$ cat protein-v2.txt   # compact mmCIF, C-alpha atoms and all ligand atoms
# COMPACT_ATOMS: atom_id res chain seq x y z
CA MET T 1 -23.84 30.55 5.57
CA LYS T 2 -23.74 26.88 6.66
CA ARG T 3 -27.15 25.41 7.56
CA VAL T 4 -26.83 23.03 10.53
CA ALA T 5 -29.30 20.28 11.48
CA LEU T 6 -28.66 19.44 15.13
CA LEU T 7 -29.83 16.04 16.38
CA GLY T 8 -29.64 15.63 20.16
CA ALA T 9 -29.89 19.38 20.70
CA THR T 10 -30.69 19.23 24.42
CA GLY T 11 -27.80 16.97 25.40
CA SER T 12 -24.27 17.75 26.52
CA ILE T 13 -22.82 17.89 22.98
CA GLY T 14 -26.05 19.44 21.64
CA ARG T 15 -25.98 22.41 24.03
CA GLN T 16 -22.29 23.06 23.36
CA THR T 17 -23.03 22.93 19.62
CA VAL T 18 -25.73 25.58 20.04
CA GLU T 19 -23.14 27.75 21.80
CA ILE T 20 -20.61 27.32 18.96
CA VAL T 21 -23.28 28.15 16.37
CA GLU T 22 -24.28 31.27 18.32
CA ARG T 23 -20.70 32.52 18.34
CA ASN T 24 -20.09 31.94 14.64
CA PRO T 25 -21.91 34.24 12.20
CA GLU T 26 -21.30 31.76 9.37
CA LEU T 27 -23.37 29.02 11.03
CA GLU T 28 -27.15 28.85 11.44
CA LEU T 29 -29.48 26.18 12.82
CA CYS T 30 -32.06 24.85 10.37
CA ALA T 31 -33.37 21.78 12.23
CA LEU T 32 -33.43 20.49 15.81
CA ALA T 33 -34.21 17.12 17.37
CA ALA T 34 -34.35 15.63 20.85
CA SER T 35 -36.11 12.72 22.49
CA THR T 36 -37.34 14.55 25.61
CA ARG T 37 -37.23 18.04 27.21
CA GLY T 38 -39.62 19.59 24.68
CA GLU T 39 -39.66 22.94 26.45
CA GLU T 40 -35.91 23.35 26.17
CA LEU T 41 -36.07 22.28 22.53
CA SER T 42 -38.83 24.83 21.77
CA LYS T 43 -36.80 27.54 23.45
CA ILE T 44 -33.77 26.87 21.22
CA ALA T 45 -36.08 26.68 18.19
CA SER T 46 -37.70 30.03 18.89
CA GLU T 47 -34.41 31.77 19.74
CA HIS T 48 -32.93 30.57 16.45
CA ASP T 49 -36.09 30.78 14.37
CA VAL T 50 -35.93 27.09 13.45
CA ALA T 51 -39.00 25.71 11.70
CA HIS T 52 -38.00 22.04 11.46
CA VAL T 53 -38.20 20.39 14.89
CA SER T 54 -38.49 16.73 15.91
CA LEU T 55 -39.44 15.66 19.44
CA GLY T 56 -39.64 12.05 20.62
CA GLY T 57 -39.10 10.68 17.12
CA GLU T 58 -41.80 12.80 15.44
CA PRO T 59 -40.99 13.31 12.65
CA ALA T 60 -38.31 10.64 12.17
CA LEU T 61 -34.77 12.02 12.05
CA GLU T 62 -34.30 11.00 8.40
CA GLU T 63 -37.46 12.94 7.47
CA LEU T 64 -36.31 15.95 9.44
CA ILE T 65 -32.99 15.92 7.55
CA ALA T 66 -34.66 15.59 4.15
CA ALA T 67 -37.16 18.39 4.88
CA SER T 68 -34.69 20.93 6.29
CA GLU T 69 -32.03 20.67 3.53
CA PRO T 70 -29.00 21.19 5.77
CA ASP T 71 -25.40 21.64 4.61
CA VAL T 72 -24.26 19.70 7.65
CA VAL T 73 -25.89 17.32 10.13
CA VAL T 74 -24.56 17.18 13.68
CA ASN T 75 -25.47 13.78 15.08
CA ALA T 76 -25.28 14.22 18.86
CA VAL T 77 -27.93 11.64 19.69
CA VAL T 78 -26.83 9.04 22.21
CA GLY T 79 -26.74 5.35 21.30
CA PHE T 80 -27.88 3.16 18.43
CA ALA T 81 -30.93 5.44 18.09
CA GLY T 82 -28.66 7.62 15.92
CA VAL T 83 -27.85 4.97 13.34
CA LYS T 84 -30.53 5.73 10.73
CA ALA T 85 -29.68 9.44 10.81
CA THR T 86 -25.98 8.68 10.29
CA LEU T 87 -26.68 6.43 7.31
CA ALA T 88 -29.27 8.76 5.76
CA THR T 89 -26.93 11.75 6.04
CA LEU T 90 -24.00 9.93 4.45
CA GLU T 91 -26.18 8.40 1.73
CA ALA T 92 -27.47 11.88 0.81
CA GLY T 93 -23.92 13.23 0.51
CA ILE T 94 -24.46 15.73 3.33
CA ASP T 95 -21.47 16.45 5.59
CA LEU T 96 -21.82 14.56 8.88
CA VAL T 97 -20.41 15.93 12.13
CA LEU T 98 -20.47 12.77 14.20
CA ALA T 99 -20.58 12.69 17.99
CA ASN T 100 -22.83 9.61 17.98
CA LYS T 101 -19.96 7.11 18.00
CA GLU T 102 -22.35 4.19 18.60
CA SER T 103 -23.63 4.51 15.02
CA ILE T 104 -20.21 4.20 13.39
CA VAL T 105 -19.28 1.38 15.79
CA ALA T 106 -22.44 -0.60 15.06
CA ALA T 107 -22.74 0.23 11.37
CA GLY T 108 -19.15 0.91 10.30
CA PRO T 109 -19.05 -0.87 6.91
CA LEU T 110 -22.58 0.32 5.99
CA ALA T 111 -21.69 3.88 6.96
CA LEU T 112 -18.48 3.90 4.91
CA ALA T 113 -20.30 2.45 1.90
CA ALA T 114 -23.02 5.10 2.23
CA GLN T 115 -20.37 7.80 2.46
CA ALA T 116 -18.58 6.48 -0.63
CA ARG T 117 -21.84 6.62 -2.59
CA GLY T 118 -22.93 10.00 -1.20
CA GLY T 119 -19.58 11.77 -1.29
CA GLY T 120 -20.03 13.91 1.85
CA ARG T 121 -17.49 14.40 4.63
CA LEU T 122 -17.43 12.48 7.90
CA LEU T 123 -16.02 14.70 10.65
CA PRO T 124 -15.63 13.29 14.16
CA VAL T 125 -16.71 15.09 17.32
CA ASP T 126 -14.81 12.94 19.73
CA SER T 127 -11.86 14.74 21.27
CA GLU T 128 -9.45 11.90 20.47
CA HIS T 129 -10.54 11.46 16.86
CA SER T 130 -10.65 15.16 16.14
CA ALA T 131 -7.12 15.34 17.57
CA ALA T 132 -6.03 12.30 15.55
CA MET T 133 -7.43 13.79 12.36
CA GLN T 134 -5.25 16.85 12.93
CA CYS T 135 -2.15 14.79 13.83
CA LEU T 136 -2.65 12.70 10.68
CA ALA T 137 -3.22 15.65 8.36
CA GLU T 138 0.28 16.19 7.02
CA ARG T 139 1.63 12.70 6.42
CA SER T 140 0.61 9.60 4.52
CA ILE T 141 -1.33 6.97 6.50
CA ASP T 142 1.23 4.34 5.38
CA THR T 143 3.85 6.03 7.53
CA VAL T 144 1.80 5.62 10.74
CA ASP T 145 3.25 3.14 13.17
CA ALA T 146 0.46 3.60 15.73
CA LEU T 147 -2.41 5.92 16.58
CA VAL T 148 -2.66 6.29 20.35
CA LEU T 149 -5.93 7.40 21.95
CA THR T 150 -5.75 8.72 25.49
CA ALA T 151 -8.21 7.77 28.24
CA SER T 152 -8.61 9.63 31.51
CA GLY T 153 -9.14 6.28 33.22
CA GLY T 154 -12.45 7.55 34.63
CA PRO T 155 -13.40 7.75 38.32
CA PHE T 156 -12.12 4.23 39.08
CA ARG T 157 -8.60 4.52 37.72
CA GLY T 158 -6.23 2.54 39.97
CA LYS T 159 -8.98 0.37 41.47
CA THR T 160 -8.67 -3.41 41.39
CA ARG T 161 -11.36 -5.71 40.06
CA ASP T 162 -12.25 -6.61 43.64
CA GLU T 163 -12.71 -2.97 44.62
CA LEU T 164 -15.03 -2.47 41.64
CA LYS T 165 -17.57 -5.00 42.92
CA GLN T 166 -19.33 -2.54 45.21
CA VAL T 167 -19.10 0.81 43.40
CA SER T 168 -22.34 2.82 43.17
CA VAL T 169 -24.04 4.63 40.30
CA ALA T 170 -23.14 7.97 41.88
CA ASP T 171 -19.46 6.97 42.11
CA ALA T 172 -19.48 5.94 38.45
CA LEU T 173 -21.12 9.20 37.36
CA ALA T 174 -18.43 11.34 39.04
CA HIS T 175 -16.07 11.73 36.08
CA PRO T 176 -12.79 13.44 37.01
CA THR T 177 -12.13 15.50 33.85
CA TRP T 178 -15.15 15.59 31.49
CA SER T 179 -18.75 16.65 32.12
CA MET T 180 -20.89 14.56 29.76
CA GLY T 181 -24.22 12.74 29.39
CA PRO T 182 -24.82 9.74 31.69
CA LYS T 183 -24.30 6.94 29.12
CA ILE T 184 -20.85 8.02 27.96
CA THR T 185 -19.89 8.79 31.56
CA ILE T 186 -20.55 5.15 32.51
CA ASP T 187 -18.72 4.04 29.35
CA SER T 188 -15.74 6.08 30.55
CA ALA T 189 -15.85 4.39 33.96
CA THR T 190 -15.80 0.88 32.41
CA LEU T 191 -13.31 1.93 29.67
CA MET T 192 -15.88 0.74 27.11
CA ASN T 193 -15.77 4.31 25.80
CA LYS T 194 -12.14 3.79 24.80
CA GLY T 195 -13.02 0.42 23.31
CA LEU T 196 -15.78 2.02 21.21
CA GLU T 197 -13.27 4.69 20.21
CA LEU T 198 -10.75 2.11 18.95
CA ILE T 199 -13.46 0.74 16.66
CA GLU T 200 -14.48 4.29 15.67
CA ALA T 201 -10.83 5.06 14.81
CA HIS T 202 -10.52 1.86 12.77
CA TYR T 203 -13.41 2.92 10.54
CA LEU T 204 -12.55 6.63 10.39
CA PHE T 205 -8.86 6.29 9.60
CA GLY T 206 -8.65 2.83 8.02
CA LEU T 207 -5.96 1.65 10.45
CA PRO T 208 -5.79 -2.02 11.46
CA TYR T 209 -6.27 -2.79 15.17
CA ASP T 210 -2.61 -3.68 15.68
CA ARG T 211 -1.81 -0.03 14.91
CA LEU T 212 -4.42 1.35 17.34
CA ARG T 213 -3.62 1.74 21.04
CA ALA T 214 -5.17 3.19 24.17
CA VAL T 215 -3.16 4.74 26.97
CA VAL T 216 -4.34 6.13 30.30
CA HIS T 217 -3.57 9.84 30.73
CA PRO T 218 -5.34 11.08 33.88
CA THR T 219 -5.54 14.82 33.15
CA SER T 220 -6.97 14.57 29.61
CA ILE T 221 -4.62 17.24 28.22
CA VAL T 222 -3.17 15.15 25.41
CA HIS T 223 -6.07 13.85 23.31
CA ALA T 224 -4.28 11.69 20.76
CA LEU T 225 -0.77 10.92 19.55
CA VAL T 226 0.38 9.54 16.24
CA GLN T 227 3.65 7.64 16.19
CA TYR T 228 5.31 7.62 12.77
CA THR T 229 7.69 5.04 11.36
CA ASP T 230 10.51 7.63 11.30
CA GLY T 231 10.44 7.83 15.12
CA ALA T 232 8.48 11.08 15.43
CA THR T 233 5.35 11.30 17.57
CA ILE T 234 2.88 14.10 16.88
CA ALA T 235 0.38 14.92 19.64
CA HIS T 236 -2.64 17.19 20.05
CA LEU T 237 -2.98 19.01 23.39
CA GLY T 238 -5.55 21.23 25.03
CA TYR T 239 -7.73 21.46 28.13
CA PRO T 240 -10.67 19.05 28.01
CA ASP T 241 -13.40 21.09 26.31
CA MET T 242 -15.69 19.61 23.64
CA ARG T 243 -16.30 23.01 22.09
CA VAL T 244 -12.86 22.67 20.44
CA PRO T 245 -13.67 19.53 18.39
CA ILE T 246 -17.24 20.77 17.75
CA SER T 247 -15.97 24.02 16.30
CA TYR T 248 -13.22 22.24 14.34
CA ALA T 249 -15.71 19.89 12.68
CA LEU T 250 -18.30 22.59 11.98
CA THR T 251 -15.84 24.96 10.36
CA PHE T 252 -13.60 22.39 8.59
CA PRO T 253 -11.54 22.91 6.45
CA SER T 254 -11.11 26.41 7.91
CA THR T 255 -11.13 27.20 11.64
CA ALA T 256 -12.73 29.81 13.88
CA PRO T 257 -11.79 31.25 17.27
CA THR T 258 -13.51 29.74 20.34
CA PRO T 259 -13.66 30.97 23.96
CA CYS T 260 -11.61 27.93 25.03
CA LYS T 261 -8.40 28.71 26.94
CA SER T 262 -4.98 27.78 25.57
CA LEU T 263 -2.65 25.79 27.82
CA ASP T 264 -1.09 27.77 30.66
CA PHE T 265 2.50 26.75 31.43
CA SER T 266 3.10 29.36 34.17
CA GLU T 267 2.67 26.80 36.99
CA GLY T 268 4.33 24.00 35.01
CA LEU T 269 2.50 21.18 33.32
CA GLU T 270 3.08 17.50 34.00
CA LEU T 271 1.89 14.84 31.60
CA THR T 272 1.55 11.27 32.85
CA PHE T 273 0.81 8.15 30.80
CA LEU T 274 0.04 4.64 32.07
CA PRO T 275 -0.96 1.36 30.45
CA PRO T 276 -4.66 0.52 30.91
CA ASP T 277 -5.53 -2.21 33.44
CA GLU T 278 -7.40 -4.65 31.19
CA ASP T 279 -8.02 -7.08 34.05
CA ALA T 280 -10.03 -4.57 36.09
CA PHE T 281 -11.55 -3.02 32.94
CA PRO T 282 -12.21 -5.92 30.52
CA CYS T 283 -14.49 -3.82 28.26
CA LEU T 284 -11.42 -2.52 26.45
CA SER T 285 -10.28 -5.97 25.33
CA LEU T 286 -13.86 -7.08 24.61
CA ALA T 287 -14.25 -4.14 22.26
CA ARG T 288 -10.90 -4.71 20.60
CA ALA T 289 -11.77 -8.38 20.03
CA ALA T 290 -15.21 -7.49 18.61
CA GLY T 291 -13.55 -4.93 16.34
CA GLU T 292 -11.07 -7.52 15.10
CA THR T 293 -13.87 -10.02 14.45
CA GLY T 294 -15.63 -7.32 12.45
CA GLY T 295 -18.91 -7.94 10.61
CA GLY T 296 -21.78 -7.59 13.08
CA ALA T 297 -19.68 -8.17 16.21
CA PRO T 298 -19.26 -4.45 17.03
CA CYS T 299 -23.06 -4.07 16.68
CA VAL T 300 -23.59 -6.91 19.18
CA LEU T 301 -21.00 -5.40 21.54
CA ASN T 302 -22.68 -2.01 21.35
CA ALA T 303 -26.22 -3.34 21.85
CA ALA T 304 -25.19 -5.42 24.87
CA ASN T 305 -23.33 -2.47 26.35
CA GLU T 306 -26.32 -0.14 25.95
CA VAL T 307 -28.60 -2.64 27.68
CA ALA T 308 -26.09 -3.23 30.48
CA VAL T 309 -25.38 0.47 31.05
CA ALA T 310 -29.12 1.22 31.24
CA ALA T 311 -29.58 -1.62 33.75
CA PHE T 312 -26.66 -0.33 35.83
CA LEU T 313 -28.03 3.23 35.80
CA GLU T 314 -31.42 1.90 36.97
CA GLY T 315 -29.71 0.15 39.87
CA ASN T 316 -30.47 -3.32 38.49
CA LEU T 317 -26.97 -4.48 37.60
CA PRO T 318 -23.67 -4.28 39.50
CA PHE T 319 -20.84 -2.39 37.84
CA LEU T 320 -18.93 -5.57 36.93
CA GLY T 321 -22.15 -6.92 35.44
CA ILE T 322 -21.60 -4.55 32.52
CA PRO T 323 -18.55 -6.33 31.03
CA GLU T 324 -20.04 -9.68 32.05
CA THR T 325 -23.28 -8.97 30.14
CA VAL T 326 -21.30 -7.84 27.09
CA GLU T 327 -19.04 -10.89 27.16
CA ARG T 328 -21.95 -13.33 27.55
CA THR T 329 -23.93 -11.66 24.76
CA LEU T 330 -20.97 -11.75 22.37
CA ALA T 331 -20.58 -15.46 23.11
CA ARG T 332 -24.26 -16.16 22.36
CA VAL T 333 -25.07 -13.99 19.35
CA ASP T 334 -23.48 -14.74 16.02
CA GLY T 335 -22.64 -11.38 14.53
CA ALA T 336 -21.91 -12.64 11.05
CA VAL T 337 -21.71 -10.27 8.11
CA VAL T 338 -24.32 -7.52 8.01
CA ASN T 339 -25.41 -6.68 4.48
CA ASP T 340 -27.94 -3.91 4.95
CA LEU T 341 -29.79 -1.76 7.45
CA ASP T 342 -32.59 -4.30 7.96
CA GLU T 343 -30.08 -6.99 8.93
CA LEU T 344 -28.33 -4.54 11.24
CA LEU T 345 -31.58 -3.59 12.98
CA ALA T 346 -32.45 -7.29 13.40
CA LEU T 347 -29.02 -8.08 14.84
CA ASP T 348 -29.26 -5.15 17.25
CA GLU T 349 -32.69 -6.43 18.42
CA GLU T 350 -31.44 -9.97 18.86
CA ALA T 351 -28.38 -8.83 20.83
CA ARG T 352 -30.55 -6.63 23.07
CA ALA T 353 -32.90 -9.51 23.87
CA VAL T 354 -29.97 -11.75 24.83
CA ALA T 355 -28.31 -8.97 26.83
CA ARG T 356 -31.52 -8.26 28.77
CA GLU T 357 -31.78 -11.93 29.68
CA GLN T 358 -28.12 -12.06 30.77
CA SER T 359 -28.30 -8.85 32.76
CA ARG T 360 -31.41 -10.15 34.58
CA GLU T 361 -29.40 -13.21 35.60
CA LEU T 362 -26.63 -10.97 36.89
CA ALA T 363 -29.06 -8.55 38.59
CA THR T 364 -28.26 -7.03 41.97
P1 LIG T 401 -26.77 13.32 26.34
O1 LIG T 401 -27.45 12.18 27.01
O2 LIG T 401 -26.33 14.48 27.15
O3 LIG T 401 -27.69 13.88 25.15
C1 LIG T 401 -28.30 13.04 24.23
C2 LIG T 401 -29.22 13.85 23.31
O4 LIG T 401 -29.78 12.96 22.34
C3 LIG T 401 -30.40 14.51 24.03
O5 LIG T 401 -30.70 15.72 23.41
C4 LIG T 401 -31.54 13.51 23.76
O6 LIG T 401 -32.84 14.10 23.82
C5 LIG T 401 -31.20 13.09 22.35
N1 LIG T 401 -31.74 11.80 21.93
C6 LIG T 401 -31.61 10.59 22.52
N2 LIG T 401 -32.26 9.66 21.82
C7 LIG T 401 -32.80 10.29 20.75
C8 LIG T 401 -33.61 9.89 19.66
N3 LIG T 401 -33.98 8.62 19.52
N4 LIG T 401 -34.00 10.82 18.75
C9 LIG T 401 -33.62 12.11 18.88
N5 LIG T 401 -32.87 12.56 19.90
C10 LIG T 401 -32.47 11.66 20.81
O7 LIG T 401 -25.52 12.68 25.56
P2 LIG T 401 -24.11 13.37 25.18
O8 LIG T 401 -23.18 13.21 26.31
O9 LIG T 401 -24.34 14.72 24.59
O10 LIG T 401 -23.59 12.37 24.06
C11 LIG T 401 -24.12 12.36 22.74
C12 LIG T 401 -23.21 11.51 21.85
O11 LIG T 401 -21.94 12.15 21.76
C13 LIG T 401 -22.94 10.12 22.40
O12 LIG T 401 -22.86 9.20 21.34
C14 LIG T 401 -21.59 10.25 23.07
O13 LIG T 401 -20.86 9.03 23.08
C15 LIG T 401 -20.91 11.27 22.17
N6 LIG T 401 -19.85 12.03 22.81
C16 LIG T 401 -20.15 12.84 23.86
C17 LIG T 401 -19.16 13.58 24.49
C18 LIG T 401 -19.47 14.52 25.62
O14 LIG T 401 -18.60 15.26 26.07
N7 LIG T 401 -20.70 14.57 26.12
C19 LIG T 401 -17.82 13.46 24.05
C20 LIG T 401 -17.54 12.63 22.97
C21 LIG T 401 -18.57 11.92 22.35
MG MG T 402 -13.64 10.60 23.36
$ encode --input "protein-v2.txt" --output "structure tokens" --more "lines below"
Ligand code: NAD
Ligand code: MG
Amino acid sequence: MKRVALLGATGSIGRQTVEIVERNPELELCALAASTRGEELSKIASEHDVAHVSLGGEPALEELIAASEPDVVVNAVVGFAGVKATLATLEAGIDLVLANKESIVAAGPLALAAQARGGGRLLPVDSEHSAAMQCLAERSIDTVDALVLTASGGPFRGKTRDELKQVSVADALAHPTWSMGPKITIDSATLMNKGLELIEAHYLFGLPYDRLRAVVHPTSIVHALVQYTDGATIAHLGYPDMRVPISYALTFPSTAPTPCKSLDFSEGLELTFLPPDEDAFPCLSLARAAGETGGGAPCVLNAANEVAVAAFLEGNLPFLGIPETVERTLARVDGAVVNDLDELLALDEEARAVAREQSRELAT
């Protein structure tokens, strides 16, 4: 029996994780956390007889993990709020199933150092990274020419920069292929999600940025491709359904059946790939540049993006104000080397303060 601590239990990934746990007799929930929706959280807790529950930060996620003694922590919290839980899990040598990409983006070097000390596994729940992990399984990393992450392109694929000036919150929330929480849905519309994923891939797989690419693939059937130096490309395909990577990570290194459908070729299946439009969607190049700078730059990028996305969702910032806020914040905050968690938290704070100021200047 694997004991699972689920952080972010009421969210999109959290609810799908509960479903995977319910279908697998070898998994049981031992701890649950969410920031809001206490009733829903209590319902899951009573249905699964879970004694360790955290609501609105009480108790802190690190304390919840320590008290519940899980075999695996699923971090499905959204945003930098998940960073302490990621670090505490890795430091303790507990396997980490990581959906909370913001924590590895902001704290990459600290997370990898904690993992090296703790000795636990770091298993991604991001469709592209789960796919990449499987495509990379058989061959040495030195033989990888490029890891290619696919992006649906979001609801604004094909739009020019000019056309993006007036888009609404509702337009941005209407994702064509994935049903997800609001923050990542906006990140998908700006392509910041793919930018965060390039940084996530850099830390997870140890590949330099010149061997990491993003390609637009509107139907989200191919999740990742690995191009090898011998000319072969290995891809991972499947309908967009997060229960596949959730189950893969929770059962690794074995696998378990899921209710997800296999591809149906009876009506034919066309796969289209396009280069991303980095002029209309500058978040992708901003993220790549922050990743290449390294140190605290990805933390600054992430903090500014979280502030800007929240302002956009509240109707206080135009869509193009998101990349603008991120760019201005990166130019103003020196994200030098981050040596420990305290320095990371301070840098995140500083970047948020600057981003709030910049987004007020750009307000609608
Ligand atoms: P969501 O908004 O649907 O859910 C977020 C969950 O986190 C909620 O349960 C919320 O209560 C909880 N939460 C937020 N702040 C918290 C805090 N401080 N302490 C404890 N709990 C807190 O978000 P989501 O779409 O499920 O995304 C979660 C993470 O997974 C994000 O990092 C996202 O980028 C990543 N991800 C999501 C998907 C997807 O399909 N939804 C796919 C890939 C990666
Ligand atoms: Mg993804």
$ closest_residue --input "protein-v2.txt" --among "T:Ser140, T:Thr258, T:Asn75, T:Thr272" --to "Val222 in chain T" --atoms "all atoms listed in the file"
T:Thr272
$ closest_atom_pairs --input "protein-v2.txt" --of "chain T" --to "ligand MG 402 (chain T)" --cutoff "12 Å" --atoms "all atoms listed in the file" --output "CSV"
residue,atom,partner,partner_atom,distance
T:Ile13,CA,T:MG402,MG,11.7
T:Leu98,CA,T:MG402,MG,11.6
T:Ala99,CA,T:MG402,MG,9.0
T:Asn100,CA,T:MG402,MG,10.7
T:Lys101,CA,T:MG402,MG,9.0
T:Glu102,CA,T:MG402,MG,11.8
T:Pro124,CA,T:MG402,MG,9.8
T:Val125,CA,T:MG402,MG,8.1
T:Asp126,CA,T:MG402,MG,4.5
T:Ser127,CA,T:MG402,MG,5.0
T:Glu128,CA,T:MG402,MG,5.3
T:His129,CA,T:MG402,MG,7.3
T:Ser130,CA,T:MG402,MG,9.0
T:Ala131,CA,T:MG402,MG,9.9
T:Ala132,CA,T:MG402,MG,11.0
T:Leu149,CA,T:MG402,MG,8.5
T:Thr150,CA,T:MG402,MG,8.4
T:Ala151,CA,T:MG402,MG,7.8
T:Ser152,CA,T:MG402,MG,9.6
T:Gly153,CA,T:MG402,MG,11.7
T:Gly154,CA,T:MG402,MG,11.7
T:Thr177,CA,T:MG402,MG,11.7
T:Trp178,CA,T:MG402,MG,9.7
T:Ser179,CA,T:MG402,MG,11.8
T:Met180,CA,T:MG402,MG,10.5
T:Ile184,CA,T:MG402,MG,8.9
T:Thr185,CA,T:MG402,MG,10.5
T:Asp187,CA,T:MG402,MG,10.2
T:Ser188,CA,T:MG402,MG,8.7
T:Leu191,CA,T:MG402,MG,10.7
T:Met192,CA,T:MG402,MG,10.8
T:Asn193,CA,T:MG402,MG,7.1
T:Lys194,CA,T:MG402,MG,7.1
T:Gly195,CA,T:MG402,MG,10.2
T:Leu196,CA,T:MG402,MG,9.1
T:Glu197,CA,T:MG402,MG,6.7
T:Leu198,CA,T:MG402,MG,10.0
T:Ile199,CA,T:MG402,MG,11.9
T:Glu200,CA,T:MG402,MG,10.0
T:Ala201,CA,T:MG402,MG,10.6
T:Ala214,CA,T:MG402,MG,11.3
T:Ser220,CA,T:MG402,MG,10.0
T:Val222,CA,T:MG402,MG,11.6
T:His223,CA,T:MG402,MG,8.2
T:Ala224,CA,T:MG402,MG,9.8
T:Pro240,CA,T:MG402,MG,10.1
T:Asp241,CA,T:MG402,MG,10.9
T:Met242,CA,T:MG402,MG,9.2
T:Pro245,CA,T:MG402,MG,10.2
$ residues_around --input "protein-v2.txt" --residues "range 294-305 of chain T" --least-positions-apart "3" --cutoff "6 Å" --atoms "only C-alpha atoms" --output "PyMOL selection string"
chain T and resi 105-106+290-291+308-309+326+335-338+348+351-352+355
$ write_last_selection --input "protein-v2.txt" --atoms "C-alpha atoms" --output "PDB file, in the frame of the given file"
ATOM      1  CA  VAL T 105     -19.280   1.380  15.790  1.00  0.00           C
ATOM      2  CA  ALA T 106     -22.440  -0.600  15.060  1.00  0.00           C
ATOM      3  CA  ALA T 290     -15.210  -7.490  18.610  1.00  0.00           C
ATOM      4  CA  GLY T 291     -13.550  -4.930  16.340  1.00  0.00           C
ATOM      5  CA  ALA T 308     -26.090  -3.230  30.480  1.00  0.00           C
ATOM      6  CA  VAL T 309     -25.380   0.470  31.050  1.00  0.00           C
ATOM      7  CA  VAL T 326     -21.300  -7.840  27.090  1.00  0.00           C
ATOM      8  CA  GLY T 335     -22.640 -11.380  14.530  1.00  0.00           C
ATOM      9  CA  ALA T 336     -21.910 -12.640  11.050  1.00  0.00           C
ATOM     10  CA  VAL T 337     -21.710 -10.270   8.110  1.00  0.00           C
ATOM     11  CA  VAL T 338     -24.320  -7.520   8.010  1.00  0.00           C
ATOM     12  CA  ASP T 348     -29.260  -5.150  17.250  1.00  0.00           C
ATOM     13  CA  ALA T 351     -28.380  -8.830  20.830  1.00  0.00           C
ATOM     14  CA  ARG T 352     -30.550  -6.630  23.070  1.00  0.00           C
ATOM     15  CA  ALA T 355     -28.310  -8.970  26.830  1.00  0.00           C
TER      16      ALA T 355
END
$ residues_near_point --input "protein-v2.txt" --point "(-28.3, -1.7, 7.6)" --cutoff "9 Å" --atoms "all atoms listed in the file" --output "mmCIF file with C-alpha atoms, in the coordinates of the input"
data_model
loop_
_atom_site.group_PDB
_atom_site.id
_atom_site.type_symbol
_atom_site.label_atom_id
_atom_site.label_comp_id
_atom_site.auth_asym_id
_atom_site.auth_seq_id
_atom_site.Cartn_x
_atom_site.Cartn_y
_atom_site.Cartn_z
ATOM 1 C CA VAL T 83 -27.850 4.970 13.340
ATOM 2 C CA LYS T 84 -30.530 5.730 10.730
ATOM 3 C CA LEU T 87 -26.680 6.430 7.310
ATOM 4 C CA ALA T 107 -22.740 0.230 11.370
ATOM 5 C CA LEU T 110 -22.580 0.320 5.990
ATOM 6 C CA ALA T 111 -21.690 3.880 6.960
ATOM 7 C CA VAL T 338 -24.320 -7.520 8.010
ATOM 8 C CA ASN T 339 -25.410 -6.680 4.480
ATOM 9 C CA ASP T 340 -27.940 -3.910 4.950
ATOM 10 C CA LEU T 341 -29.790 -1.760 7.450
ATOM 11 C CA ASP T 342 -32.590 -4.300 7.960
ATOM 12 C CA GLU T 343 -30.080 -6.990 8.930
ATOM 13 C CA LEU T 344 -28.330 -4.540 11.240
ATOM 14 C CA LEU T 345 -31.580 -3.590 12.980
#
$ closest_residue --input "protein-v2.txt" --among "T:Val72, T:Ala34, T:Ala287, T:Leu55" --to "Arg3 in chain T" --atoms "only C-alpha atoms"
T:Val72
$ closest_residue --input "protein-v2.txt" --among "T:Gly158, T:Asp171, T:Glu26, T:Glu306" --to "ligand LIG 401 (chain T)" --atoms "all atoms listed in the file"
T:Glu306
$ atom_distance --input "protein-v2.txt" --atom1 "CA of Ala76 in chain T" --atom2 "CA of Ser42 in chain T"
17.5 Å
$ atom_distance --input "protein-v2.txt" --atom1 "CA of Phe252 in chain T" --atom2 "atom C20 of ligand LIG 401 (chain T)"
17.8 Å
$ closest_residue --input "protein-v2.txt" --among "T:Ala310, T:Ala256, T:Lys159, T:Gln227" --to "ligand LIG 401 (chain T)" --atoms "only C-alpha atoms and all ligand atoms"
T:Ala310
$ closest_residue --input "protein-v2.txt" --among "T:Asp142, T:Pro70, T:Leu173, T:Pro25" --to "ligand LIG 401 (chain T)" --atoms "only C-alpha atoms and all ligand atoms"
T:Leu173
$ closest_residue --input "protein-v2.txt" --among "T:Pro259, T:Pro176, T:Gly321, T:Pro253" --to "Pro282 in chain T" --atoms "only C-alpha atoms"
T:Gly321
$ build_atoms --input "protein-v2.txt" --residues "range 273-277 of chain T" --atoms "N, CA and C atoms" --output "CSV table (one decimal), in the coordinates of the input"
chain,number,residue,atom,x,y,z
T,273,PHE,N,1.4,9.2,31.6
T,273,PHE,CA,0.8,8.2,30.8
T,273,PHE,C,1.0,6.8,31.5
T,274,LEU,N,0.0,6.0,31.5
T,274,LEU,CA,0.0,4.6,32.1
T,274,LEU,C,-0.6,3.6,31.2
T,275,PRO,N,-0.2,2.4,31.2
T,275,PRO,CA,-1.0,1.4,30.4
T,275,PRO,C,-2.3,1.1,31.1
T,276,PRO,N,-3.4,0.8,30.3
T,276,PRO,CA,-4.7,0.5,30.9
T,276,PRO,C,-4.6,-0.8,31.6
T,277,ASP,N,-5.4,-1.0,32.7
T,277,ASP,CA,-5.5,-2.2,33.4
T,277,ASP,C,-6.7,-3.0,32.8
